[in-house]
$ cat structure18.cif   # mmCIF, C-alpha atoms
data_work
#
loop_
_atom_site.label_atom_id
_atom_site.label_comp_id
_atom_site.auth_asym_id
_atom_site.auth_seq_id
_atom_site.Cartn_x
_atom_site.Cartn_y
_atom_site.Cartn_z
CA MET A 10 -25.13 -45.35 18.20
CA SER A 11 -24.76 -44.38 14.56
CA HIS A 12 -25.84 -40.86 15.53
CA CYS A 13 -23.05 -40.69 18.06
CA LYS A 14 -20.51 -41.69 15.43
CA PHE A 15 -21.87 -39.10 13.05
CA PHE A 16 -21.69 -36.27 15.59
CA ALA A 17 -18.27 -37.37 16.79
CA THR A 18 -16.97 -37.34 13.23
CA ALA A 19 -18.52 -33.93 12.55
CA ALA A 20 -17.05 -32.50 15.75
CA PHE A 21 -13.64 -33.89 14.91
CA LEU A 22 -13.72 -32.39 11.43
CA LEU A 23 -14.86 -29.02 12.73
CA CYS A 24 -12.15 -28.91 15.37
CA THR A 25 -9.36 -29.95 13.07
CA SER A 26 -10.41 -28.26 9.84
CA SER A 27 -8.17 -25.26 10.41
CA ALA A 28 -5.18 -27.49 10.93
CA PHE A 29 -5.85 -29.39 7.73
CA ALA A 30 -6.50 -26.20 5.78
CA GLY A 31 -3.09 -24.87 6.75
CA GLU A 32 -4.55 -21.56 7.87
CA LEU A 33 -3.49 -20.81 11.41
CA LYS A 34 -5.66 -18.68 13.61
CA ALA A 35 -4.48 -16.56 16.49
CA SER A 36 -6.27 -18.90 18.88
CA ASP A 37 -4.27 -21.85 17.50
CA ILE A 38 -0.91 -20.52 18.60
CA GLU A 39 0.79 -19.21 21.67
CA VAL A 40 3.72 -16.84 21.53
CA VAL A 41 5.94 -17.95 24.37
CA ALA A 42 8.72 -15.44 23.76
CA VAL A 43 9.52 -12.50 21.52
CA THR A 44 12.56 -10.29 21.35
CA PRO A 45 12.06 -6.55 20.85
CA ARG A 46 11.80 -5.19 17.34
CA SER A 47 14.69 -3.16 16.03
CA PRO A 48 13.94 0.59 16.01
CA ASP A 49 15.28 0.64 12.45
CA VAL A 50 12.25 -1.29 11.20
CA ARG A 51 9.68 1.14 9.84
CA PRO A 52 6.20 0.75 8.48
CA TYR A 53 5.53 1.46 4.84
CA ALA A 54 3.60 4.43 3.47
CA MET A 55 1.86 4.34 0.12
CA ALA A 56 1.89 7.12 -2.44
CA ILE A 57 -0.42 6.95 -5.44
CA PRO A 58 1.34 7.19 -8.82
CA PHE A 59 -0.51 9.86 -10.77
CA ASP A 60 0.97 8.81 -14.08
CA GLY A 61 -0.11 5.34 -15.08
CA GLU A 62 -3.05 3.07 -14.51
CA LYS A 63 -4.56 5.04 -11.65
CA ARG A 64 -4.72 8.08 -13.87
CA VAL A 65 -6.72 6.12 -16.44
CA VAL A 66 -9.16 5.14 -13.73
CA MET A 67 -9.42 8.73 -12.58
CA ALA A 68 -10.14 10.01 -16.05
CA ARG A 69 -13.02 7.57 -16.36
CA ASP A 70 -14.16 8.41 -12.87
CA VAL A 71 -14.80 11.99 -13.86
CA GLN A 72 -17.11 10.83 -16.62
CA ASP A 73 -18.76 7.80 -15.14
CA THR A 74 -18.16 6.52 -11.65
CA LYS A 75 -19.70 3.15 -12.41
CA ILE A 76 -17.30 2.53 -15.27
CA ALA A 77 -14.42 3.66 -13.10
CA ALA A 78 -15.39 1.32 -10.30
CA ALA A 79 -15.42 -1.60 -12.71
CA ALA A 80 -12.11 -0.51 -14.26
CA SER A 81 -10.38 -0.21 -10.91
CA ARG A 82 -11.16 -3.85 -10.17
CA ASP A 83 -9.36 -4.84 -13.35
CA VAL A 84 -6.33 -2.65 -12.79
CA PRO A 85 -3.16 -4.70 -12.31
CA GLN A 86 -1.36 -4.14 -9.08
CA SER A 87 1.19 -1.40 -9.27
CA THR A 88 4.70 -2.30 -8.35
CA GLN A 89 5.90 1.26 -8.58
CA VAL A 90 5.81 1.89 -4.87
CA GLN A 91 6.58 -1.64 -3.79
CA ASP A 92 10.05 -1.06 -2.49
CA ARG A 93 9.55 2.36 -1.07
CA LYS A 94 9.99 2.39 2.64
CA ILE A 95 9.04 5.20 4.91
CA ALA A 96 11.74 6.51 7.14
CA ALA A 97 9.66 8.58 9.48
CA GLY A 98 11.47 8.47 12.79
CA ARG A 99 9.81 7.48 16.00
CA MET B 30 20.99 9.39 -54.66
CA SER B 31 20.56 5.95 -53.13
CA LEU B 32 22.87 7.02 -50.32
CA LYS B 33 20.53 9.93 -49.58
CA ILE B 34 17.49 7.63 -49.54
CA SER B 35 19.26 5.19 -47.23
CA PHE B 36 20.20 8.01 -44.90
CA ALA B 37 16.61 9.31 -44.87
CA ILE B 38 15.24 5.84 -44.10
CA ALA B 39 17.77 5.32 -41.30
CA THR B 40 16.95 8.71 -39.79
CA ALA B 41 13.22 8.03 -39.93
CA ALA B 42 13.72 4.62 -38.31
CA ALA B 43 15.79 6.17 -35.55
CA ILE B 44 13.11 8.77 -34.85
CA VAL B 45 10.37 6.16 -34.77
CA SER B 46 12.33 3.86 -32.46
CA PHE B 47 13.21 6.77 -30.15
CA ALA B 48 9.61 7.90 -29.98
CA ALA B 49 8.54 4.36 -29.18
CA THR B 50 10.72 4.08 -26.08
CA PRO B 51 8.67 4.28 -22.87
CA SER B 52 10.61 7.18 -21.37
CA TYR B 53 10.11 9.37 -24.39
CA ALA B 54 6.46 8.35 -24.69
CA GLN B 55 5.99 9.27 -21.07
CA THR B 56 7.32 12.78 -21.50
CA GLN B 57 5.09 13.29 -24.50
CA ARG B 58 1.87 12.79 -22.54
CA SER B 59 -0.03 16.00 -22.46
CA PHE B 60 -1.07 17.02 -18.97
CA SER B 61 -3.29 19.93 -18.18
CA GLY B 62 -1.89 22.45 -15.69
CA ALA B 63 -3.71 20.85 -12.78
CA GLU B 64 -2.70 17.36 -13.87
CA ASN B 65 0.91 18.44 -14.20
CA ILE B 66 0.94 19.69 -10.63
CA ALA B 67 -0.77 16.48 -9.48
CA TYR B 68 1.92 14.49 -11.28
CA GLN B 69 4.64 16.54 -9.57
CA CYS B 70 3.01 15.95 -6.19
CA SER B 71 2.83 12.21 -6.88
CA ALA B 72 6.46 12.13 -7.99
CA ALA B 73 7.48 14.10 -4.90
CA ALA B 74 5.61 11.68 -2.63
CA ILE B 75 7.22 8.64 -4.25
CA ALA B 76 10.67 10.24 -4.08
CA ALA B 77 10.08 11.18 -0.45
CA GLN B 78 9.37 7.53 0.33
CA ASP B 79 12.68 6.65 -1.30
CA LYS B 80 14.68 9.23 0.59
CA GLY B 81 12.78 9.04 3.84
CA THR B 82 12.58 12.81 3.97
CA ALA B 83 10.54 15.51 2.30
CA THR B 84 11.40 19.11 1.56
CA GLU B 85 9.38 22.30 1.72
CA GLY B 86 9.32 22.17 -2.08
CA ASP B 87 7.69 18.73 -2.00
CA LEU B 88 5.06 20.01 0.39
CA ALA B 89 4.50 23.11 -1.74
CA ALA B 90 3.92 20.96 -4.84
CA CYS B 91 1.31 18.91 -3.02
CA ASP B 92 -0.29 22.01 -1.47
CA MET B 93 -0.72 23.32 -5.01
CA ALA B 94 -2.05 19.96 -6.24
CA VAL B 95 -4.67 19.95 -3.50
CA ARG B 96 -5.70 23.52 -4.33
CA LEU B 97 -6.00 22.77 -8.05
CA SER B 98 -7.92 19.51 -7.58
CA LYS B 99 -10.98 21.00 -5.94
CA ASN B 100 -13.23 20.29 -8.93
CA SER B 101 -12.66 16.53 -8.93
CA ARG B 102 -13.34 14.31 -5.94
CA SER B 103 -10.99 11.54 -7.05
CA HIS B 104 -8.18 13.93 -8.02
CA LEU B 105 -8.52 15.65 -4.67
CA ALA B 106 -8.48 12.36 -2.78
CA ILE B 107 -5.29 11.35 -4.58
CA ALA B 108 -3.58 14.71 -4.03
CA LEU B 109 -4.46 14.62 -0.34
CA THR B 110 -3.21 11.04 -0.02
CA ASN B 111 0.07 11.93 -1.68
CA ARG B 112 0.44 15.02 0.51
CA SER B 113 -0.11 12.75 3.52
CA VAL B 114 3.02 10.83 2.51
CA ILE B 115 4.98 14.09 2.49
CA HIS B 116 3.67 14.90 5.98
CA LEU B 117 4.54 11.40 7.14
CA MET B 118 8.13 11.79 5.97
CA ARG B 119 8.28 15.04 7.93
CA ASN B 120 6.99 13.28 11.06
CA GLU B 121 3.85 15.45 10.97
CA TYR B 122 1.44 12.78 12.11
CA ASP B 123 -1.54 15.01 12.92
CA ALA B 124 -1.32 16.56 9.45
CA THR B 125 -1.08 13.08 7.93
CA ILE B 126 -4.21 11.99 9.75
CA ALA B 127 -6.03 15.18 8.73
CA ASP B 128 -5.15 14.76 5.04
CA THR B 129 -6.01 11.09 4.88
CA SER B 130 -9.27 11.60 6.73
CA GLU B 131 -10.26 14.32 4.27
CA ALA B 132 -9.20 12.13 1.33
CA LEU B 133 -11.49 9.39 2.62
CA LEU B 134 -14.36 11.85 2.84
CA TRP B 135 -13.95 12.58 -0.87
CA ASP B 136 -13.36 8.98 -1.87
CA SER B 137 -13.83 6.25 0.70
CA LYS B 138 -12.32 3.62 -1.60
CA VAL B 139 -8.68 4.77 -1.45
CA PRO B 140 -6.78 2.06 0.42
CA GLU B 141 -3.56 4.09 0.36
CA ALA B 142 -5.23 6.79 2.50
CA LEU B 143 -6.22 4.19 5.09
CA VAL B 144 -2.71 2.72 5.05
CA ASN B 145 -1.06 6.10 5.55
CA ARG B 146 -3.47 7.04 8.32
CA GLY B 147 -2.78 3.70 9.96
CA VAL B 148 0.96 4.31 9.76
CA ALA B 149 0.54 7.77 11.26
CA GLN B 150 -1.60 6.37 14.08
CA MET B 151 1.06 3.79 14.78
CA MET B 152 3.87 6.35 14.77
CA ALA B 153 1.80 8.59 17.04
CA GLY B 154 1.49 5.77 19.58
CA ARG B 155 -2.04 4.64 18.80
CA PRO B 156 -1.51 1.08 17.52
CA ARG B 157 -5.13 -0.04 18.06
CA ASP B 158 -6.39 2.73 15.77
CA ALA B 159 -3.68 1.74 13.31
CA VAL B 160 -4.92 -1.86 13.29
CA THR B 161 -8.46 -0.64 12.59
CA ASP B 162 -7.34 1.45 9.58
CA LEU B 163 -5.03 -1.19 8.18
CA THR B 164 -7.70 -3.87 8.49
CA ALA B 165 -10.14 -1.60 6.65
CA SER B 166 -7.56 -0.98 3.90
CA LEU B 167 -7.15 -4.73 3.37
CA LYS B 168 -10.84 -4.96 2.46
CA LEU B 169 -10.21 -2.55 -0.43
CA SER B 170 -7.64 -4.86 -2.07
CA PRO B 171 -4.68 -2.48 -1.98
CA SER B 172 -1.62 -2.96 -4.11
CA ASN B 173 1.40 -4.21 -2.17
CA LEU B 174 -0.79 -6.30 0.06
CA GLU B 175 2.24 -7.78 1.80
CA ARG B 176 3.31 -4.31 2.97
CA VAL B 177 -0.09 -3.71 4.52
CA TYR B 178 0.10 -7.02 6.40
CA PHE B 179 3.62 -6.10 7.52
CA ASN B 180 2.39 -2.74 8.80
CA ARG B 181 -0.50 -4.36 10.62
CA ALA B 182 1.86 -6.90 12.15
CA MET B 183 3.87 -4.03 13.61
CA ALA B 184 0.73 -2.34 14.90
CA ARG B 185 -0.56 -5.57 16.42
CA GLU B 186 2.78 -6.17 18.05
CA ASP B 187 2.74 -2.66 19.51
CA SER B 188 -0.78 -3.20 20.83
CA GLY B 189 0.24 -6.45 22.54
CA ASP B 190 -1.51 -8.83 20.14
CA LEU B 191 1.51 -11.06 19.64
CA PRO B 192 -0.24 -14.04 17.99
CA GLY B 193 -1.95 -11.64 15.57
CA ALA B 194 1.37 -9.96 14.84
CA TYR B 195 3.05 -13.30 14.20
CA LEU B 196 0.31 -14.37 11.79
CA ASP B 197 0.49 -11.06 9.90
CA TYR B 198 4.28 -11.26 9.51
CA ARG B 199 3.72 -14.82 8.32
CA LYS B 200 1.08 -13.70 5.83
CA ALA B 201 3.38 -10.96 4.51
CA SER B 202 6.10 -13.54 4.03
CA GLN B 203 3.73 -15.92 2.25
CA LEU B 204 2.53 -13.17 -0.09
CA SER B 205 6.07 -12.19 -0.99
CA PRO B 206 8.39 -15.16 -0.44
CA SER B 207 11.42 -13.35 -1.85
CA TRP B 208 11.03 -10.48 0.62
CA ASP B 209 13.33 -11.03 3.60
CA ARG B 210 11.98 -8.39 5.98
CA PRO B 211 9.02 -10.36 7.38
CA LYS B 212 11.18 -13.48 7.66
CA GLU B 213 13.61 -11.52 9.81
CA GLU B 214 10.77 -10.38 12.07
CA LEU B 215 9.41 -13.92 12.38
CA LYS B 216 12.76 -15.05 13.76
CA ARG B 217 12.13 -12.96 16.87
CA PHE B 218 9.08 -15.02 17.80
CA THR B 219 9.05 -18.30 19.66
CA VAL B 220 5.69 -19.89 18.99
CA VAL B 221 4.03 -23.12 20.01
CA GLN B 222 0.90 -24.52 18.45
CA LYS B 223 -1.87 -25.18 20.94
CA SER B 224 -3.24 -28.69 21.16
CA PRO B 225 -6.79 -28.88 19.75
CA ILE B 226 -7.83 -31.02 22.77
CA SER B 227 -6.72 -28.56 25.44
#
$ encode --input "structure18.cif" --output "structure tokens"
Amino acid sequence: MSHCKFFATAAFLLCTSSAFAGELKASDIEVVAVTPRSPDVRPYAMAIPFDGEKRVVMARDVQDTKIAAAASRDVPQSTQVQDRKIAAGR
Amino acid sequence: MSLKISFAIATAAAIVSFAATPSYAQTQRSFSGAENIAYQCSAAAIAAQDKGTATEGDLAACDMAVRLSKNSRSHLAIALTNRSVIHLMRNEYDATIADTSEALLWDSKVPEALVNRGVAQMMAGRPRDAVTDLTASLKLSPSNLERVYFNRAMAREDSGDLPGAYLDYRKASQLSPSWDRPKEELKRFTVVQKSPIS
């Protein structure tokens, strides 16, 4: 009997863990309706700023790729291209 | 005499403070010829994103940057990625895909190349390929993560994965709460949460 309680509790926690964690999964939701997206909404491209932190990483990369790989993990996120929106027409 | 000394000190202070300003410091960086062209290509790509269009001159700058970067894998990958933005702004999707694919051959750890290829795939009507590229780019911890999720939301929506699209718009909104764009997109969705029992 105690085994049953244990497995029932475990199953309950497994089934409801995503709900408690606040992370929804695609299988947790159902989209019942959606209106079409405006054609004005465009995806965003990303250029790489040559001047700035990336350039520092590149300079190291030429000398030592291992150092560069470590440096790139420490590089703060660039905000230079954050608000740049592509306007490539469909 | 003291007036002259005061004037000299004031002039020196002005020069020092002027030289210390970021804009002046930036122009004083010494680039090699190849680096200068690479910088111009990068600036052209960023400006093209702003304007939404790219000129022949922008493309020529990036063509030159690619030619002059042949002796460095990472420089070449960056020049190709920036040229891909120029192609994207010119609606040249095949050229965008070609440049980004080559950039990834030289350096497979450039998330921007994957993002741009994903955008080109989406614009060319291949949203499933776009989702694949954008998902791969997320594993490389790109800057502007919220933009990548937003792009993937669009691609997922185009491929018919509406729950996935909803969750990606939601993630973009969570990553950048002050950004209204994903919130606007979320308003289009009517979503119900499934019961865990059913």
$ resolve_selection --input "structure18.cif" --expression "the PyMOL selection byres ((chain B) within 7 of (chain A))" --output "VMD selection string"
chain B and resid 67 to 68 71 74 to 75 78 to 79 81 103 107 110 to 111 114 117 to 120 141 144 to 145 148 152 172 to 173 176 180 191 to 193 217 to 223 225
$ resolve_selection --input "structure18.cif" --expression "the PyMOL selection byres ((chain B and resi 83) around 8)" --output "ChimeraX atom specification"
/B:73-74,77,80-82,84-85,87-88,115-116,118-119
$ resolve_selection --input "structure18.cif" --expression "the PyMOL selection byres ((chain B and resi 202-205) around 10)" --output "list in words"
Asn173, Leu174, Glu175, Arg176, Tyr178, Phe179, Leu196, Asp197, Tyr198, Arg199, Lys200, Ala201, Pro206, Ser207, Trp208, Asp209, Arg210, Pro211, Lys212, Glu213, Glu214 and Leu215 of chain B
$ closest_residue --input "structure18.cif" --among "B:Glu64, B:Asp162, B:Glu131, B:Asp136" --to "B:Arg112" --atoms "only C-alpha atoms"
B:Glu131
$ atom_distance --input "structure18.cif" --atom1 "atom CA of B:Ala194" --atom2 "atom CA of B:Ala142"
21.8 Å
$ atom_distance --input "structure18.cif" --atom1 "atom CA of B:Ser170" --atom2 "atom CA of B:Met93"
29.2 Å
$ atom_distance --input "structure18.cif" --atom1 "atom CA of B:Ala106" --atom2 "atom CA of B:Leu133"
6.9 Å
